[in-house]
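Enquirer: Supplied structure: query.tsv, TSV, C-alpha atoms.
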```tsv
chain	number	residue	atom	x	y	z
Z	1	MET	CA	0.00	0.00	0.00
Z	2	ALA	CA	2.85	2.40	0.74
Z	3	ALA	CA	4.34	4.54	-2.00
Z	4	PRO	CA	8.07	4.16	-2.64
Z	5	SER	CA	10.19	6.56	-0.65
Z	6	GLN	CA	12.52	9.03	-2.28
Z	7	GLY	CA	16.14	8.34	-2.75
Z	8	PRO	CA	18.91	10.85	-2.06
Z	9	GLY	CA	18.73	13.86	-4.29
Z	10	GLU	CA	15.19	13.16	-5.46
Z	11	GLY	CA	12.31	15.59	-4.94
Z	12	ASP	CA	14.49	18.68	-5.19
Z	13	ASP	CA	11.54	20.57	-6.67
Z	14	ASP	CA	9.26	19.76	-3.70
Z	15	ALA	CA	8.95	23.43	-2.82
Z	16	SER	CA	7.14	24.07	-6.10
Z	17	ARG	CA	4.55	21.37	-5.44
Z	18	PRO	CA	1.30	21.83	-3.51
Z	19	TYR	CA	1.54	20.89	0.14
Z	20	ARG	CA	-0.28	17.71	1.21
Z	21	PRO	CA	-0.34	16.80	4.91
Z	22	GLY	CA	0.78	13.29	5.76
Z	23	TYR	CA	-2.53	12.42	7.39
Z	24	GLU	CA	-4.35	13.25	4.14
Z	25	LEU	CA	-2.19	10.84	2.16
Z	26	VAL	CA	-2.74	8.09	4.73
Z	27	ALA	CA	-6.49	8.80	4.89
Z	28	GLU	CA	-6.62	8.34	1.13
Z	29	GLN	CA	-4.69	5.06	1.38
Z	30	LEU	CA	-6.98	3.88	4.16
Z	31	LEU	CA	-10.11	4.49	2.05
Z	32	ASN	CA	-8.47	2.54	-0.79
Z	33	TYR	CA	-7.70	-0.28	1.64
Z	34	ILE	CA	-11.36	-0.42	2.75
Z	35	ALA	CA	-12.45	-0.64	-0.90
Z	36	GLU	CA	-9.83	-3.27	-1.80
Z	37	GLN	CA	-10.85	-5.43	1.16
Z	38	ASN	CA	-14.54	-4.92	0.26
Z	39	LEU	CA	-15.28	-3.83	3.84
Z	40	ARG	CA	-18.83	-2.70	4.59
Z	41	SER	CA	-20.61	-0.64	7.21
Z	42	GLY	CA	-19.95	-2.11	10.66
Z	43	ASP	CA	-16.87	-4.12	9.64
Z	44	ARG	CA	-13.95	-3.88	12.02
Z	45	LEU	CA	-10.55	-2.61	10.90
Z	46	PRO	CA	-7.14	-3.54	12.30
Z	47	THR	CA	-5.77	-1.53	15.20
Z	48	GLU	CA	-3.98	1.77	14.62
Z	49	GLN	CA	-0.65	-0.05	14.83
Z	50	GLY	CA	-1.88	-2.71	12.42
Z	51	LEU	CA	-3.11	-0.08	9.95
Z	52	ALA	CA	0.19	1.80	10.23
Z	53	GLU	CA	2.07	-1.37	9.28
Z	54	ILE	CA	-0.30	-2.17	6.40
Z	55	LEU	CA	-0.11	1.37	5.01
Z	56	GLY	CA	3.59	1.89	5.65
Z	57	ALA	CA	2.94	4.96	7.79
Z	58	SER	CA	3.87	6.07	11.29
Z	59	ARG	CA	1.37	5.39	14.05
Z	60	ASN	CA	0.95	9.10	14.80
Z	61	VAL	CA	0.09	10.00	11.20
Z	62	THR	CA	-2.22	6.98	11.01
Z	63	ARG	CA	-4.02	8.17	14.16
Z	64	GLU	CA	-4.61	11.61	12.60
Z	65	ALA	CA	-5.91	9.96	9.41
Z	66	VAL	CA	-8.35	7.90	11.46
Z	67	LYS	CA	-9.50	11.07	13.25
Z	68	VAL	CA	-10.22	12.95	10.04
Z	69	LEU	CA	-12.09	10.00	8.51
Z	70	ALA	CA	-14.14	9.68	11.69
Z	71	ALA	CA	-14.89	13.40	11.57
Z	72	ILE	CA	-16.31	13.17	8.03
Z	73	GLY	CA	-18.35	10.09	8.91
Z	74	ARG	CA	-16.39	7.34	7.17
Z	75	LEU	CA	-15.05	5.60	10.28
Z	76	SER	CA	-16.40	4.96	13.77
Z	77	VAL	CA	-13.95	4.75	16.66
Z	78	ARG	CA	-15.38	2.97	19.69
Z	79	ARG	CA	-13.36	3.14	22.86
Z	80	GLY	CA	-12.38	-0.31	23.98
Z	81	ALA	CA	-13.85	-1.92	20.87
Z	82	GLY	CA	-11.78	-0.68	17.94
Z	83	ILE	CA	-12.08	1.06	14.59
Z	84	PHE	CA	-15.04	0.27	12.34
Z	85	VAL	CA	-16.36	1.29	8.94
Z	86	ALA	CA	-19.09	3.77	9.86
Z	87	ASP	CA	-22.72	2.73	9.63
Z	88	SER	CA	-24.70	4.25	6.78
Z	89	ALA	CA	-27.12	6.87	8.03
Z	90	GLY	CA	-29.53	6.09	5.22
Z	91	GLY	CA	-29.54	2.30	5.39
Z	92	LEU	CA	-29.08	-0.16	2.54
Z	93	VAL	CA	-29.16	2.40	-0.28
Z	94	ASP	CA	-26.15	4.21	1.18
Z	95	ASP	CA	-24.21	0.95	1.43
Z	96	HIS	CA	-23.60	1.21	-2.32
Z	97	LEU	CA	-21.70	4.44	-1.63
Z	98	SER	CA	-19.58	3.08	1.22
Z	99	HIS	CA	-16.53	2.91	-1.05
Z	100	PHE	CA	-16.80	6.48	-2.37
Z	101	ARG	CA	-13.25	7.88	-2.62
Z	102	PRO	CA	-13.33	11.64	-1.94
Z	103	THR	CA	-9.93	12.24	-3.58
Z	104	SER	CA	-10.49	10.10	-6.69
Z	105	MET	CA	-11.03	12.03	-9.92
Z	106	GLU	CA	-13.29	9.26	-11.23
Z	107	ASP	CA	-15.50	9.17	-8.12
Z	108	VAL	CA	-15.73	12.95	-7.77
Z	109	LEU	CA	-16.68	13.37	-11.44
Z	110	MET	CA	-19.43	10.76	-11.05
Z	111	LEU	CA	-20.65	12.63	-7.97
Z	112	LEU	CA	-20.68	15.95	-9.82
Z	113	ASP	CA	-22.49	14.35	-12.75
Z	114	TYR	CA	-25.16	13.14	-10.34
Z	115	ARG	CA	-25.33	16.61	-8.76
Z	116	THR	CA	-25.88	18.10	-12.20
Z	117	VAL	CA	-28.78	15.75	-12.91
Z	118	ILE	CA	-30.44	16.15	-9.50
Z	119	GLU	CA	-29.88	19.84	-8.83
Z	120	SER	CA	-30.71	21.09	-12.33
Z	121	GLU	CA	-34.08	19.35	-12.17
Z	122	THR	CA	-34.58	20.64	-8.63
Z	123	ALA	CA	-33.93	24.22	-9.82
Z	124	ARG	CA	-36.36	23.78	-12.73
Z	125	ARG	CA	-39.10	22.57	-10.42
Z	126	ALA	CA	-38.37	25.33	-7.91
Z	127	ALA	CA	-38.89	27.91	-10.65
Z	128	THR	CA	-42.26	26.34	-11.45
Z	129	LEU	CA	-43.54	25.58	-7.95
Z	130	ALA	CA	-41.95	28.03	-5.48
Z	131	THR	CA	-44.30	30.06	-3.32
Z	132	PRO	CA	-43.55	33.75	-2.66
Z	133	ILE	CA	-42.18	32.84	0.78
Z	134	GLU	CA	-39.90	30.20	-0.76
Z	135	VAL	CA	-38.73	32.61	-3.46
Z	136	ARG	CA	-37.80	35.09	-0.74
Z	137	ALA	CA	-35.88	32.40	1.16
Z	138	VAL	CA	-33.89	31.44	-1.95
Z	139	ARG	CA	-33.08	35.10	-2.64
Z	140	GLU	CA	-32.07	35.84	0.95
Z	141	CYS	CA	-29.73	32.86	1.06
Z	142	ALA	CA	-28.15	33.93	-2.24
Z	143	GLU	CA	-27.69	37.48	-0.97
Z	144	THR	CA	-26.17	36.21	2.28
Z	145	SER	CA	-23.71	34.11	0.29
Z	146	LEU	CA	-22.71	37.21	-1.71
Z	147	VAL	CA	-21.97	39.18	1.47
Z	148	ALA	CA	-19.81	36.32	2.72
Z	149	GLY	CA	-18.16	35.89	-0.68
Z	150	ARG	CA	-17.21	39.54	-0.92
Z	151	ALA	CA	-15.71	39.32	2.57
Z	152	ALA	CA	-13.88	36.10	1.65
Z	153	ASP	CA	-15.45	34.56	4.76
Z	154	GLY	CA	-15.30	30.86	3.97
Z	155	TYR	CA	-17.18	29.71	7.05
Z	156	ALA	CA	-20.07	32.14	6.54
Z	157	PHE	CA	-20.18	31.32	2.84
Z	158	ALA	CA	-20.35	27.57	3.58
Z	159	LYS	CA	-23.40	28.08	5.79
Z	160	ALA	CA	-25.11	30.34	3.25
Z	161	ASP	CA	-24.22	27.97	0.41
Z	162	GLU	CA	-25.78	25.03	2.21
Z	163	ALA	CA	-28.87	27.09	3.06
Z	164	PHE	CA	-29.22	28.26	-0.55
Z	165	HIS	CA	-29.18	24.77	-2.07
Z	166	ASP	CA	-31.53	23.51	0.62
Z	167	ALA	CA	-33.92	26.41	-0.03
Z	168	VAL	CA	-33.97	25.54	-3.73
Z	169	GLY	CA	-34.66	21.93	-2.76
Z	170	ALA	CA	-37.52	22.98	-0.48
Z	171	ALA	CA	-39.02	25.12	-3.26
Z	172	ALA	CA	-39.09	22.07	-5.58
Z	173	HIS	CA	-41.79	20.56	-3.34
Z	174	ASN	CA	-40.36	17.05	-3.52
Z	175	VAL	CA	-38.89	15.62	-0.33
Z	176	PHE	CA	-36.90	13.02	-2.27
Z	177	LEU	CA	-35.22	15.63	-4.45
Z	178	ARG	CA	-34.49	17.78	-1.42
Z	179	SER	CA	-33.04	14.80	0.45
Z	180	SER	CA	-30.94	13.79	-2.57
Z	181	VAL	CA	-29.47	17.29	-2.83
Z	182	ALA	CA	-28.54	17.23	0.87
Z	183	GLY	CA	-27.08	13.72	0.63
Z	184	VAL	CA	-24.92	14.36	-2.40
Z	185	ARG	CA	-23.59	17.57	-0.85
Z	186	ARG	CA	-22.62	15.64	2.30
Z	187	LEU	CA	-20.50	13.37	0.13
Z	188	ALA	CA	-19.01	16.38	-1.64
Z	189	SER	CA	-18.05	17.85	1.74
Z	190	GLN	CA	-15.77	14.83	2.32
Z	191	SER	CA	-13.75	15.88	-0.73
Z	192	ASP	CA	-13.70	19.46	0.55
Z	193	VAL	CA	-12.12	18.38	3.85
Z	194	LEU	CA	-9.52	16.09	2.29
Z	195	LEU	CA	-8.64	18.25	-0.74
Z	196	PHE	CA	-9.24	21.86	0.26
Z	197	HIS	CA	-8.51	21.91	4.02
Z	198	GLY	CA	-10.87	24.84	4.51
Z	199	ASP	CA	-9.29	26.93	1.75
Z	200	ALA	CA	-11.62	28.14	-0.98
Z	201	PRO	CA	-10.54	26.56	-4.29
Z	202	GLY	CA	-12.20	29.28	-6.35
Z	203	SER	CA	-13.86	32.66	-6.08
Z	204	LEU	CA	-16.63	32.65	-3.50
Z	205	GLU	CA	-17.97	35.89	-4.93
Z	206	VAL	CA	-18.33	34.31	-8.38
Z	207	ALA	CA	-20.20	31.38	-6.85
Z	208	ALA	CA	-22.46	33.76	-4.91
Z	209	ARG	CA	-23.30	35.70	-8.06
Z	210	GLN	CA	-24.27	32.40	-9.64
Z	211	HIS	CA	-26.55	31.82	-6.66
Z	212	LEU	CA	-28.16	35.20	-7.28
Z	213	ALA	CA	-28.70	34.45	-10.97
Z	214	ILE	CA	-30.38	31.15	-10.10
Z	215	ALA	CA	-32.52	32.90	-7.48
Z	216	GLU	CA	-33.68	35.48	-10.04
Z	217	ALA	CA	-34.59	32.74	-12.52
Z	218	VAL	CA	-36.57	30.95	-9.82
Z	219	ALA	CA	-38.33	34.20	-8.90
Z	220	ALA	CA	-39.20	34.88	-12.54
Z	221	GLY	CA	-40.55	31.37	-13.03
Z	222	GLU	CA	-38.04	30.67	-15.81
Z	223	ALA	CA	-37.64	26.93	-15.32
Z	224	ASP	CA	-35.29	26.18	-18.23
Z	225	LEU	CA	-33.03	29.11	-17.37
Z	226	ALA	CA	-32.90	28.08	-13.70
Z	227	GLY	CA	-31.85	24.57	-14.70
Z	228	GLU	CA	-29.21	25.84	-17.14
Z	229	LEU	CA	-27.75	28.22	-14.56
Z	230	MET	CA	-27.52	25.40	-12.01
Z	231	VAL	CA	-25.69	23.25	-14.58
Z	232	GLU	CA	-23.24	26.12	-15.13
Z	233	HIS	CA	-22.84	26.55	-11.36
Z	234	ILE	CA	-21.92	22.90	-10.83
Z	235	ALA	CA	-19.61	22.98	-13.88
Z	236	THR	CA	-17.65	25.73	-12.12
Z	237	THR	CA	-17.29	23.46	-9.10
Z	238	GLN	CA	-16.16	20.61	-11.37
Z	239	SER	CA	-13.37	22.69	-12.89
Z	240	GLN	CA	-12.16	23.55	-9.38
Z	241	PHE	CA	-12.11	19.91	-8.32
Z	242	GLU	CA	-10.32	18.84	-11.49
Z	243	ARG	CA	-7.64	21.46	-10.95
Z	244	LYS	CA	-7.18	20.49	-7.31
Z	245	ILE	CA	-6.99	16.77	-8.06
Z	246	ARG	CA	-4.47	17.39	-10.88
Z	247	ASP	CA	-2.36	19.31	-8.36
Z	248	ARG	CA	-2.68	16.37	-5.97
Z	249	LEU	CA	-1.53	13.86	-8.59
Z	250	PHE	CA	1.40	16.09	-9.54
Z	251	ASN	CA	2.31	16.40	-5.89
Z	252	LEU	CA	2.44	12.60	-5.50
Z	253	ASP	CA	4.97	12.24	-8.33
Z	254	GLY	CA	8.21	11.53	-6.50
Z	255	ARG	CA	6.79	12.37	-3.06
Z	256	ALA	CA	8.09	10.48	-0.04
Z	257	ALA	CA	5.85	7.77	1.36
Z	258	PRO	CA	3.48	8.61	4.23
Z	259	GLY	CA	5.08	7.91	7.56
Z	260	THR	CA	8.63	8.47	6.31
Z	261	SER	CA	10.70	11.54	7.05
Z	262	GLY	CA	8.85	13.40	4.28
Z	263	ALA	CA	5.36	12.32	5.26
Z	264	SER	CA	4.39	15.59	6.84
Z	265	GLY	CA	4.54	17.52	3.60
Z	266	ALA	CA	6.89	19.57	1.48
Z	267	SER	CA	10.09	21.00	2.88
Z	268	GLY	CA	9.66	19.18	6.18
Z	269	ALA	CA	6.54	21.15	7.09
Z	270	SER	CA	4.72	19.78	10.11
Z	271	VAL	CA	1.41	17.98	9.81
Z	272	ARG	CA	-1.63	20.11	10.54
Z	273	PRO	CA	-3.79	17.53	12.34
Z	274	PRO	CA	-7.58	17.49	12.27
Z	275	ARG	CA	-9.39	18.64	15.36
Z	276	SER	CA	-10.04	16.11	18.07
Z	277	ALA	CA	-13.50	15.04	19.19
Z	278	GLY	CA	-15.14	17.75	21.26
Z	279	ASP	CA	-13.49	20.57	19.33
Z	280	GLU	CA	-15.23	22.65	16.70
Z	281	PRO	CA	-16.04	20.72	13.52
Z	282	LEU	CA	-13.46	20.26	10.81
Z	283	SER	CA	-13.39	22.79	8.01
Z	284	PRO	CA	-16.90	23.28	6.59
Z	285	GLU	CA	-17.65	23.08	2.92
Z	286	THR	CA	-15.98	26.08	1.34
Z	287	SER	CA	-15.76	25.11	-2.30
Z	288	ALA	CA	-17.54	27.47	-4.63
Z	289	SER	CA	-20.49	25.16	-5.04
```
Using the file provided, produce a representation of the structure as C-alpha cells.

Expert:
Amino acid sequence: MAAPSQGPGEGDDDASRPYRPGYELVAEQLLNYIAEQNLRSGDRLPTEQGLAEILGASRNVTREAVKVLAAIGRLSVRRGAGIFVADSAGGLVDDHLSHFRPTSMEDVLMLLDYRTVIESETARRAATLATPIEVRAVRECAETSLVAGRAADGYAFAKADEAFHDAVGAAAHNVFLRSSVAGVRRLASQSDVLLFHGDAPGSLEVAARQHLAIAEAVAAGEADLAGELMVEHIATTQSQFERKIRDRLFNLDGRAAPGTSGASGASGASVRPPRSAGDEPLSPETSAS
C-alpha cells in the first residue's frame, strides 16, 4: 500500500509542489484499503498499529488519518472496541456508496455528474412551484452568500451555500429531491475536507453571483433558465475539483511515502492535524459550489 520513498537527491523541486499533509495521504490510502478489502458498514478494521504497518505509515500519522475519517463520517472509533467502517445513516441504499473515494477524480466526477442531474431538475421545479415565501428564502440565502463571498469569509459562505441549495430543494416541493441534494452535498463535503482543508478553491464571490442568478430565474418562473444556470454553477465546481486533483496527482509524483521523514509535507513542514473530538467541527464546505 505504501508509495516508494525518495532516494537521495530526489524531490528537489518539492517546494514548487502543492503541500499535502501526511494524514491526508494516509487517509486516502486507508479508504483505498477499505475498498480493496470490500469492507462494509460495521466491519472492524485492524488496530492503529496494524493499519500503520499495512499502510507503511507512522502510528501518529495513522491516528490523525483515522481522526479525520471519523470526523467526516467514514469511520467509527469505539473506545475499547476498535475502529469500524461507519454505519450508513440512510440504510441499505447508502451501502452502495460506502466505497466512495473523496480524492479520486473518477469518483468525484461521477458525484458531480449526479449533482448536475439532480440539482438542475430541482432548480427547474423550484422555478415552477416556489411560493412567494420560498422565493424570498432562496433570494435571501443567495444574498447572504454574496456578502460572505465579498468578505472572503469561507465559514459564513459555507453556511449560506448550504442554506441556498436547501432552499432551492424545499421550493421544488419534492422531499426526495431535497433529500438527494442534501445527501450528495454531504459526500461532496468529504472531498472538501480532504482536498481543500478549509481553503476556498475558487472565487466565493463568483459562486455567490451564480446563486443570485439562479434565485432570479426561480423568482421569474423561468424553469429552463434556472436549470441551465444550475448546470453552469456545478460545472464551475467541477473545474475547481479537477484542478485540485491534478495538483494532488502532480504532488504525488516523487513524493516520499506517508510515515517516512517526508510524510508531513513539502520542505519538512509539520502535519496540521484534524481537530479532536469535542473541538469545533473540521473545516466546513468552502468550495464554490

Enquirer: When you draw a straight line from CA of Val85 in chain Z to CA of Arg44 in chain Z, how long is it in Å?

Expert: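 Rounded to one decimal, the two atoms are 6.5 Å apart.
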
Enquirer: Which residue out of Z:Phe100, Z:Tyr23, Z:Tyr33, Z:Phe84 has the minimum interatomic distance to Thr62 in chain Z when all atoms listed in the file are used?

Expert: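 Once distances to Thr62 in chain Z are computed over all atoms listed in the file, the minimum belongs to Z:Tyr23.
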
Enquirer: For a quick check of understanding, using only C-alpha atoms, which of Z:Asp107, Z:Asp161, Z:Asp87, Z:Glu28 has the smallest distance to Leu187 in chain Z?

Expert: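 That would be Z:Asp107, the residue with the smallest distance to Leu187 in chain Z.
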
Enquirer: Quick check, in Å to one decimal: how far apart do CA of Ser189 in chain Z and CA of Asn38 in chain Z lie?

Expert: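 Pair CA of Ser189 in chain Z / CA of Asn38 in chain Z returns 23.1 Å.
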
Enquirer: How many Å separate CA of Pro102 in chain Z from CA of Leu31 in chain Z?

Expert: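 Those two atoms sit 8.8 Å apart.
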
Enquirer: So, counting only C-alpha atoms, which residue among Z:Leu212, Z:Leu225, Z:Leu112, Z:Leu194 is closest to Glu140 in chain Z?

Expert: Z:Leu212

Enquirer: For Ser179 in chain Z, find every residue with an atom within 12 Å (counting only C-alpha atoms), except residues of its own chain fewer than 6 positions away, and show them as an mmCIF file with C-alpha atoms, keeping the file's coordinate frame.

Expert:
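Produced file out-v5.cif, reproduced below:
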```cif
data_model
loop_
_atom_site.group_PDB
_atom_site.id
_atom_site.type_symbol
_atom_site.label_atom_id
_atom_site.label_comp_id
_atom_site.auth_asym_id
_atom_site.auth_seq_id
_atom_site.Cartn_x
_atom_site.Cartn_y
_atom_site.Cartn_z
ATOM 1 C CA GLY Z 90 -29.530 6.090 5.220
ATOM 2 C CA ILE Z 118 -30.440 16.150 -9.500
ATOM 3 C CA GLU Z 119 -29.880 19.840 -8.830
ATOM 4 C CA THR Z 122 -34.580 20.640 -8.630
ATOM 5 C CA HIS Z 165 -29.180 24.770 -2.070
ATOM 6 C CA ASP Z 166 -31.530 23.510 0.620
ATOM 7 C CA ALA Z 167 -33.920 26.410 -0.030
ATOM 8 C CA VAL Z 168 -33.970 25.540 -3.730
ATOM 9 C CA GLY Z 169 -34.660 21.930 -2.760
ATOM 10 C CA ALA Z 170 -37.520 22.980 -0.480
ATOM 11 C CA ALA Z 172 -39.090 22.070 -5.580
ATOM 12 C CA HIS Z 173 -41.790 20.560 -3.340
ATOM 13 C CA ARG Z 185 -23.590 17.570 -0.850
ATOM 14 C CA ARG Z 186 -22.620 15.640 2.300
#
```

Enquirer: Out of Z:Asn174, Z:Thr103, Z:Gln29, Z:Gln238, which residue has the shortest atom-to-atom distance to Leu129 in chain Z when counting all atoms listed in the file?

Expert: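 Looking only at the distances to Leu129 in chain Z, the closest residue turns out to be Z:Asn174.
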
Enquirer: Name the closest residue to Thr236 in chain Z among the candidates Z:Thr116, Z:Ser58, Z:Thr131, Z:Ser104; distances are taken between atoms, counting all atoms listed in the file.

Expert: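 Between Z:Thr116, Z:Ser58, Z:Thr131, Z:Ser104, the residue approaching Thr236 in chain Z most closely is Z:Thr116.
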
Enquirer: Counting all atoms listed in the file, which of Z:Leu30, Z:Val184, Z:Ala219, Z:Ala235 gets nearest to Val61 in chain Z?

Expert: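 Of the candidates, the smallest distance to Val61 in chain Z is held by Z:Leu30.
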